[in-house]
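Structure file structure_28.pdb; described as PDB, C-alpha atoms.
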ATOM      1  CA  MET X 484      -9.099  89.197 -22.174  1.00  0.00           C
ATOM      2  CA  LYS X 485      -6.283  90.986 -20.395  1.00  0.00           C
ATOM      3  CA  GLU X 486      -8.775  91.932 -17.677  1.00  0.00           C
ATOM      4  CA  LEU X 487      -8.882  88.342 -16.485  1.00  0.00           C
ATOM      5  CA  LEU X 488      -5.158  87.701 -16.671  1.00  0.00           C
ATOM      6  CA  GLN X 489      -4.515  90.718 -14.423  1.00  0.00           C
ATOM      7  CA  GLN X 490      -6.641  89.209 -11.659  1.00  0.00           C
ATOM      8  CA  SER X 491      -5.437  86.828  -9.019  1.00  0.00           C
ATOM      9  CA  ASN X 492      -6.941  83.566  -7.820  1.00  0.00           C
ATOM     10  CA  ILE X 493      -8.373  82.384 -11.120  1.00  0.00           C
ATOM     11  CA  GLY X 494     -10.262  79.163 -10.565  1.00  0.00           C
ATOM     12  CA  TYR X 495     -12.667  76.775 -12.201  1.00  0.00           C
ATOM     13  CA  GLY X 496     -14.669  73.750 -11.203  1.00  0.00           C
ATOM     14  CA  PHE X 497     -17.474  71.413 -12.152  1.00  0.00           C
ATOM     15  CA  SER X 498     -20.956  71.065 -10.718  1.00  0.00           C
ATOM     16  CA  ASP X 499     -24.188  69.271 -11.440  1.00  0.00           C
ATOM     17  CA  THR X 500     -27.161  71.394 -12.460  1.00  0.00           C
ATOM     18  CA  PRO X 501     -30.743  70.595 -13.481  1.00  0.00           C
ATOM     19  CA  PHE X 502     -29.427  70.775 -17.075  1.00  0.00           C
ATOM     20  CA  GLY X 503     -26.326  68.623 -16.801  1.00  0.00           C
ATOM     21  CA  ARG X 504     -22.811  69.140 -15.589  1.00  0.00           C
ATOM     22  CA  CYS X 505     -21.432  72.661 -15.883  1.00  0.00           C
ATOM     23  CA  CYS X 506     -17.987  74.228 -15.677  1.00  0.00           C
ATOM     24  CA  ILE X 507     -17.771  77.526 -13.815  1.00  0.00           C
ATOM     25  CA  GLY X 508     -14.760  79.839 -14.147  1.00  0.00           C
ATOM     26  CA  PHE X 509     -14.305  82.436 -11.410  1.00  0.00           C
ATOM     27  CA  THR X 510     -11.989  84.912  -9.730  1.00  0.00           C
ATOM     28  CA  ASP X 511     -12.211  86.798  -6.459  1.00  0.00           C
ATOM     29  CA  GLN X 512     -14.386  89.298  -8.342  1.00  0.00           C
ATOM     30  CA  GLY X 513     -16.969  86.771  -9.498  1.00  0.00           C
ATOM     31  CA  ILE X 514     -17.870  84.364 -12.262  1.00  0.00           C
ATOM     32  CA  PHE X 515     -16.481  84.909 -15.751  1.00  0.00           C
ATOM     33  CA  SER X 516     -17.602  81.655 -17.391  1.00  0.00           C
ATOM     34  CA  VAL X 517     -20.420  79.110 -17.194  1.00  0.00           C
ATOM     35  CA  THR X 518     -20.431  76.368 -19.806  1.00  0.00           C
ATOM     36  CA  PHE X 519     -21.947  72.916 -20.284  1.00  0.00           C
ATOM     37  CA  PRO X 520     -18.975  70.973 -21.689  1.00  0.00           C
ATOM     38  CA  GLU X 521     -19.062  67.348 -22.797  1.00  0.00           C
ATOM     39  CA  SER X 522     -16.070  66.539 -20.564  1.00  0.00           C
ATOM     40  CA  THR X 523     -13.908  68.046 -17.827  1.00  0.00           C
ATOM     41  CA  GLY X 524     -11.086  68.386 -20.326  1.00  0.00           C
ATOM     42  CA  GLU X 525     -13.314  70.345 -22.681  1.00  0.00           C
ATOM     43  CA  GLY X 526     -14.346  72.676 -19.847  1.00  0.00           C
ATOM     44  CA  PHE X 527     -10.739  73.426 -18.900  1.00  0.00           C
ATOM     45  CA  ASP X 528      -9.649  73.750 -22.542  1.00  0.00           C
ATOM     46  CA  GLU X 529     -12.429  76.278 -23.237  1.00  0.00           C
ATOM     47  CA  ILE X 530     -11.189  78.549 -20.435  1.00  0.00           C
ATOM     48  CA  VAL X 531      -7.560  78.261 -21.564  1.00  0.00           C
ATOM     49  CA  ARG X 532      -8.475  78.839 -25.228  1.00  0.00           C
ATOM     50  CA  ARG X 533     -10.751  81.785 -24.587  1.00  0.00           C
ATOM     51  CA  TYR X 534      -8.831  83.570 -21.855  1.00  0.00           C
ATOM     52  CA  GLY X 535      -5.261  82.375 -22.353  1.00  0.00           C
ATOM     53  CA  CYS X 536      -4.781  81.550 -18.686  1.00  0.00           C
ATOM     54  CA  LYS X 537      -3.104  78.307 -17.795  1.00  0.00           C
ATOM     55  CA  ALA X 538      -2.303  78.988 -14.144  1.00  0.00           C
ATOM     56  CA  ILE X 539      -5.775  78.322 -12.850  1.00  0.00           C
ATOM     57  CA  ILE X 540      -6.773  76.277  -9.856  1.00  0.00           C
ATOM     58  CA  ARG X 541      -9.434  73.588  -9.937  1.00  0.00           C
ATOM     59  CA  ASP X 542     -11.876  74.123  -7.091  1.00  0.00           C
ATOM     60  CA  ASP X 543     -15.022  71.995  -7.416  1.00  0.00           C
ATOM     61  CA  GLU X 544     -16.162  73.033  -3.931  1.00  0.00           C
ATOM     62  CA  GLN X 545     -16.359  76.715  -4.922  1.00  0.00           C
ATOM     63  CA  SER X 546     -18.033  75.731  -8.182  1.00  0.00           C
ATOM     64  CA  GLU X 547     -20.647  73.753  -6.226  1.00  0.00           C
ATOM     65  CA  THR X 548     -21.288  76.812  -4.048  1.00  0.00           C
ATOM     66  CA  TRP X 549     -21.817  79.008  -7.116  1.00  0.00           C
ATOM     67  CA  ALA X 550     -24.030  76.382  -8.808  1.00  0.00           C
ATOM     68  CA  LYS X 551     -26.231  76.019  -5.711  1.00  0.00           C
ATOM     69  CA  GLN X 552     -26.713  79.786  -5.570  1.00  0.00           C
ATOM     70  CA  ILE X 553     -27.586  79.971  -9.259  1.00  0.00           C
ATOM     71  CA  PHE X 554     -29.693  76.869  -9.828  1.00  0.00           C
ATOM     72  CA  SER X 555     -31.218  76.132  -6.399  1.00  0.00           C
ATOM     73  CA  ASP X 556     -31.356  79.398  -4.490  1.00  0.00           C
ATOM     74  CA  GLY X 557     -32.069  81.664  -7.487  1.00  0.00           C
ATOM     75  CA  ILE X 558     -29.297  84.038  -6.432  1.00  0.00           C
ATOM     76  CA  VAL X 559     -27.383  85.838  -9.149  1.00  0.00           C
ATOM     77  CA  PRO X 560     -23.784  85.928  -7.913  1.00  0.00           C
ATOM     78  CA  PRO X 561     -21.349  88.612  -9.045  1.00  0.00           C
ATOM     79  CA  PHE X 562     -20.076  88.046 -12.556  1.00  0.00           C
ATOM     80  CA  GLN X 563     -17.741  89.709 -15.018  1.00  0.00           C
ATOM     81  CA  LEU X 564     -18.549  90.283 -18.664  1.00  0.00           C
ATOM     82  CA  ILE X 565     -15.298  89.962 -20.599  1.00  0.00           C
ATOM     83  CA  GLY X 566     -15.580  90.626 -24.322  1.00  0.00           C
ATOM     84  CA  THR X 567     -15.552  93.350 -26.939  1.00  0.00           C
ATOM     85  CA  PRO X 568     -17.627  96.481 -26.326  1.00  0.00           C
ATOM     86  CA  PHE X 569     -20.132  95.265 -28.958  1.00  0.00           C
ATOM     87  CA  GLN X 570     -20.456  91.851 -27.317  1.00  0.00           C
ATOM     88  CA  ILE X 571     -20.888  93.388 -23.892  1.00  0.00           C
ATOM     89  CA  SER X 572     -23.641  95.678 -25.227  1.00  0.00           C
ATOM     90  CA  ILE X 573     -25.481  92.607 -26.538  1.00  0.00           C
ATOM     91  CA  TRP X 574     -24.989  90.615 -23.332  1.00  0.00           C
ATOM     92  CA  ASN X 575     -26.237  93.552 -21.255  1.00  0.00           C
ATOM     93  CA  GLU X 576     -29.338  93.641 -23.426  1.00  0.00           C
ATOM     94  CA  LEU X 577     -29.885  89.922 -22.794  1.00  0.00           C
ATOM     95  CA  LEU X 578     -29.860  90.670 -19.064  1.00  0.00           C
ATOM     96  CA  GLU X 579     -32.985  92.795 -19.596  1.00  0.00           C
ATOM     97  CA  ILE X 580     -35.051  89.791 -20.731  1.00  0.00           C
ATOM     98  CA  LYS X 581     -37.132  88.601 -17.795  1.00  0.00           C
ATOM     99  CA  ARG X 582     -37.151  84.960 -16.755  1.00  0.00           C
ATOM    100  CA  GLY X 583     -40.005  83.126 -18.488  1.00  0.00           C
ATOM    101  CA  SER X 584     -39.867  85.499 -21.473  1.00  0.00           C
ATOM    102  CA  CYS X 585     -38.137  85.353 -24.818  1.00  0.00           C
ATOM    103  CA  SER X 586     -36.845  87.854 -27.349  1.00  0.00           C
ATOM    104  CA  THR X 587     -35.578  87.574 -30.912  1.00  0.00           C
ATOM    105  CA  TYR X 588     -32.277  88.356 -32.558  1.00  0.00           C
ATOM    106  CA  GLN X 589     -34.008  91.193 -34.409  1.00  0.00           C
ATOM    107  CA  GLN X 590     -35.446  92.651 -31.201  1.00  0.00           C
ATOM    108  CA  ILE X 591     -31.980  92.691 -29.651  1.00  0.00           C
ATOM    109  CA  ALA X 592     -30.506  94.362 -32.750  1.00  0.00           C
ATOM    110  CA  ASP X 593     -33.286  96.968 -32.616  1.00  0.00           C
ATOM    111  CA  ALA X 594     -32.777  97.517 -28.873  1.00  0.00           C
ATOM    112  CA  ILE X 595     -29.098  98.406 -29.320  1.00  0.00           C
ATOM    113  CA  GLY X 596     -29.903 100.723 -32.236  1.00  0.00           C
ATOM    114  CA  ARG X 597     -28.379  98.456 -34.900  1.00  0.00           C
ATOM    115  CA  PRO X 598     -31.409  96.943 -36.680  1.00  0.00           C
ATOM    116  CA  LYS X 599     -29.360  95.709 -39.661  1.00  0.00           C
ATOM    117  CA  ALA X 600     -26.781  93.948 -37.472  1.00  0.00           C
ATOM    118  CA  VAL X 601     -28.863  90.827 -36.819  1.00  0.00           C
ATOM    119  CA  ARG X 602     -26.111  88.423 -37.898  1.00  0.00           C
ATOM    120  CA  ALA X 603     -23.498  90.208 -35.773  1.00  0.00           C
ATOM    121  CA  VAL X 604     -25.940  90.140 -32.861  1.00  0.00           C
ATOM    122  CA  GLY X 605     -26.384  86.395 -33.356  1.00  0.00           C
ATOM    123  CA  THR X 606     -22.629  85.891 -33.385  1.00  0.00           C
ATOM    124  CA  ALA X 607     -22.242  87.891 -30.159  1.00  0.00           C
ATOM    125  CA  ILE X 608     -25.049  85.927 -28.508  1.00  0.00           C
ATOM    126  CA  GLY X 609     -23.375  82.671 -29.550  1.00  0.00           C
ATOM    127  CA  ALA X 610     -20.117  83.878 -27.966  1.00  0.00           C
ATOM    128  CA  ASN X 611     -21.750  84.486 -24.579  1.00  0.00           C
ATOM    129  CA  PRO X 612     -19.295  83.069 -22.023  1.00  0.00           C
ATOM    130  CA  ILE X 613     -21.700  82.977 -19.082  1.00  0.00           C
ATOM    131  CA  ALA X 614     -24.481  80.536 -19.935  1.00  0.00           C
ATOM    132  CA  PHE X 615     -27.713  80.769 -17.976  1.00  0.00           C
ATOM    133  CA  LEU X 616     -26.709  83.905 -15.992  1.00  0.00           C
ATOM    134  CA  VAL X 617     -26.536  85.901 -19.231  1.00  0.00           C
ATOM    135  CA  PRO X 618     -29.674  84.376 -20.728  1.00  0.00           C
ATOM    136  CA  CYS X 619     -28.768  83.698 -24.344  1.00  0.00           C
ATOM    137  CA  HIS X 620     -31.165  80.749 -24.092  1.00  0.00           C
ATOM    138  CA  ARG X 621     -34.052  83.276 -24.085  1.00  0.00           C
ATOM    139  CA  ILE X 622     -33.370  84.252 -27.698  1.00  0.00           C
ATOM    140  CA  ILE X 623     -35.539  82.640 -30.347  1.00  0.00           C
ATOM    141  CA  ARG X 624     -35.983  83.157 -34.062  1.00  0.00           C
ATOM    142  CA  SER X 625     -38.486  85.684 -35.388  1.00  0.00           C
ATOM    143  CA  ASP X 626     -40.683  82.818 -36.606  1.00  0.00           C
ATOM    144  CA  GLY X 627     -41.033  81.581 -32.999  1.00  0.00           C
ATOM    145  CA  THR X 628     -38.803  78.517 -33.337  1.00  0.00           C
ATOM    146  CA  LEU X 629     -36.060  77.948 -30.792  1.00  0.00           C
ATOM    147  CA  GLY X 630     -33.104  78.303 -33.126  1.00  0.00           C
ATOM    148  CA  GLY X 631     -29.720  77.063 -32.028  1.00  0.00           C
ATOM    149  CA  TYR X 632     -27.919  76.891 -28.715  1.00  0.00           C
ATOM    150  CA  LYS X 633     -24.215  76.247 -28.173  1.00  0.00           C
ATOM    151  CA  TRP X 634     -25.008  73.448 -25.708  1.00  0.00           C
ATOM    152  CA  GLY X 635     -27.850  71.900 -27.691  1.00  0.00           C
ATOM    153  CA  VAL X 636     -31.416  72.827 -28.512  1.00  0.00           C
ATOM    154  CA  GLU X 637     -32.747  70.158 -26.135  1.00  0.00           C
ATOM    155  CA  ARG X 638     -30.930  71.802 -23.209  1.00  0.00           C
ATOM    156  CA  LYS X 639     -32.263  75.199 -24.318  1.00  0.00           C
ATOM    157  CA  LYS X 640     -35.786  73.790 -24.361  1.00  0.00           C
ATOM    158  CA  GLN X 641     -35.315  72.307 -20.857  1.00  0.00           C
ATOM    159  CA  ILE X 642     -34.037  75.605 -19.461  1.00  0.00           C
ATOM    160  CA  LEU X 643     -36.911  77.599 -20.974  1.00  0.00           C
ATOM    161  CA  LEU X 644     -39.515  75.135 -19.644  1.00  0.00           C
ATOM    162  CA  TRP X 645     -37.877  75.145 -16.203  1.00  0.00           C
ATOM    163  CA  GLU X 646     -37.893  78.949 -16.098  1.00  0.00           C
ATOM    164  CA  LYS X 647     -41.555  79.106 -17.033  1.00  0.00           C
ATOM    165  CA  THR X 648     -42.412  76.944 -14.019  1.00  0.00           C
ATOM    166  CA  LEU X 649     -40.589  79.342 -11.677  1.00  0.00           C
ATOM    167  CA  LYS X 650     -42.033  82.566 -10.353  1.00  0.00           C
ATOM    168  CA  LYS X 651     -41.314  85.391 -12.797  1.00  0.00           C
ATOM    169  CA  GLU X 652     -38.797  88.051 -11.799  1.00  0.00           C
TER     170      GLU X 652
END

Could I get this structure in the form of structure tokens?
Amino acid sequence: MKELLQQSNIGYGFSDTPFGRCCIGFTDQGIFSVTFPESTGEGFDEIVRRYGCKAIIRDDEQSETWAKQIFSDGIVPPFQLIGTPFQISIWNELLEIKRGSCSTYQQIADAIGRPKAVRAVGTAIGANPIAFLVPCHRIIRSDGTLGGYKWGVERKKQILLWEKTLKKE
């Protein structure tokens, strides 16, 4: 997480989305966090806990700009994947899943050449710090059920249905 602490102008803010209020963490280099916290305090605490940075500036206006790009304009803004090499390999694999499609934990494990690492893959997916942009919501169980989602299965279901109504990438 040192990568983030070495950057200047670390900010965060809150925005409304089609799936509820989100907290977006960002630097001059792009977004490093998108979460759907229950409260503003929880959103701030998550950034502090995960990244160890306390000197961050609240900027809801910038967050609104990012959220509009992501959820209204369909633009993928620059973002930074900050995690272990294994996590980043998983998150990069998630980026390959096209909007309106789904994959399974096993398919992701197979894709990275670690077919027996399904549990570790699931843990890495659950640790995804950039909800929606890194589409962990597109992962389902091998039996076709939705499985879990850090911000609730109902939200996951809403996101998947919303994506299916949009033009595929």

Interface rows for region 609-638 of chain X against region 566-581 of chain X: nearest pair, Å to one decimal, 10 Å, all atoms listed in the file, as a tab-separated table:
residue	atom	partner	partner_atom	distance
X:Gly609	CA	X:Gln570	CA	9.9
X:Ala610	CA	X:Gln570	CA	8.0
X:Asn611	CA	X:Trp574	CA	7.0
X:Pro612	CA	X:Gly566	CA	8.7
X:Ile613	CA	X:Trp574	CA	9.3
X:Leu616	CA	X:Leu578	CA	8.1
X:Val617	CA	X:Leu578	CA	5.8
X:Pro618	CA	X:Leu577	CA	5.9
X:Cys619	CA	X:Leu577	CA	6.5
X:His620	CA	X:Leu577	CA	9.4
X:Arg621	CA	X:Ile580	CA	7.4
X:Ile622	CA	X:Leu577	CA	8.3

| query | If we count all atoms listed in the file, what is near region 628-638 of chain X at a cut-off of 12 Å, once residues fewer than 5 positions away on the same chain are taken out, given as a PyMOL selection string? | reply | chain X and resi 500-505+517-521+585-588+605-615+618-623+643-645

| field | Interatomic distance, CA of Pro561 (chain X) to CA of Thr648 (chain X) (Å, one decimal) | value |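 Value for the CA of Pro561 (chain X)-CA of Thr648 (chain X) distance: 24.6 Å.
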
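Restricting the calculation to only C-alpha atoms, the smallest distance between Phe562 (chain X) and any of X:Asp543, X:Asp511, X:Glu529, X:Asp593 is found for X:Asp511.
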
| query | For Ile540 (chain X), which residue out of X:Gly627, X:Ile507, X:Gln589, X:Ile565 is the nearest one, using only C-alpha atoms? | reply | X:Ile507

| Pairwise distance for CA of Ile591 (chain X) and CA of Lys639 (chain X), rounded to one decimal in Å |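 Computing it gives 18.3 Å between the two atoms.
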
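One finds CA of Ala592 (chain X) at 6.2 Å from CA of Val604 (chain X).
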
| request: Name the residues that the PyMOL selection byres ((chain X and resi 508) around 8) picks from the file above, as a ChimeraX atom specification, using the file's chain letters and numbers. | output: /X:493-496,506-507,509-510,514-517,530,546

Would you place a box with edges along x, y and z of the file around all atoms of region 643-648 of chain X listed there, add 4 Å to each of its six sides, and report the centre and edge lengths in Å to one decimal, as lines of an AutoDock Vina configuration file?
center_x = -39.7
center_y = 77.1
center_z = -17.5
size_x = 13.5
size_y = 12.0
size_z = 15.0

| task | Using all atoms listed in the file, find the one residue out of X:Asp499, X:Gly513, X:Ala600, X:Glu547 that sits nearest to Pro560 (chain X). | result | X:Gly513
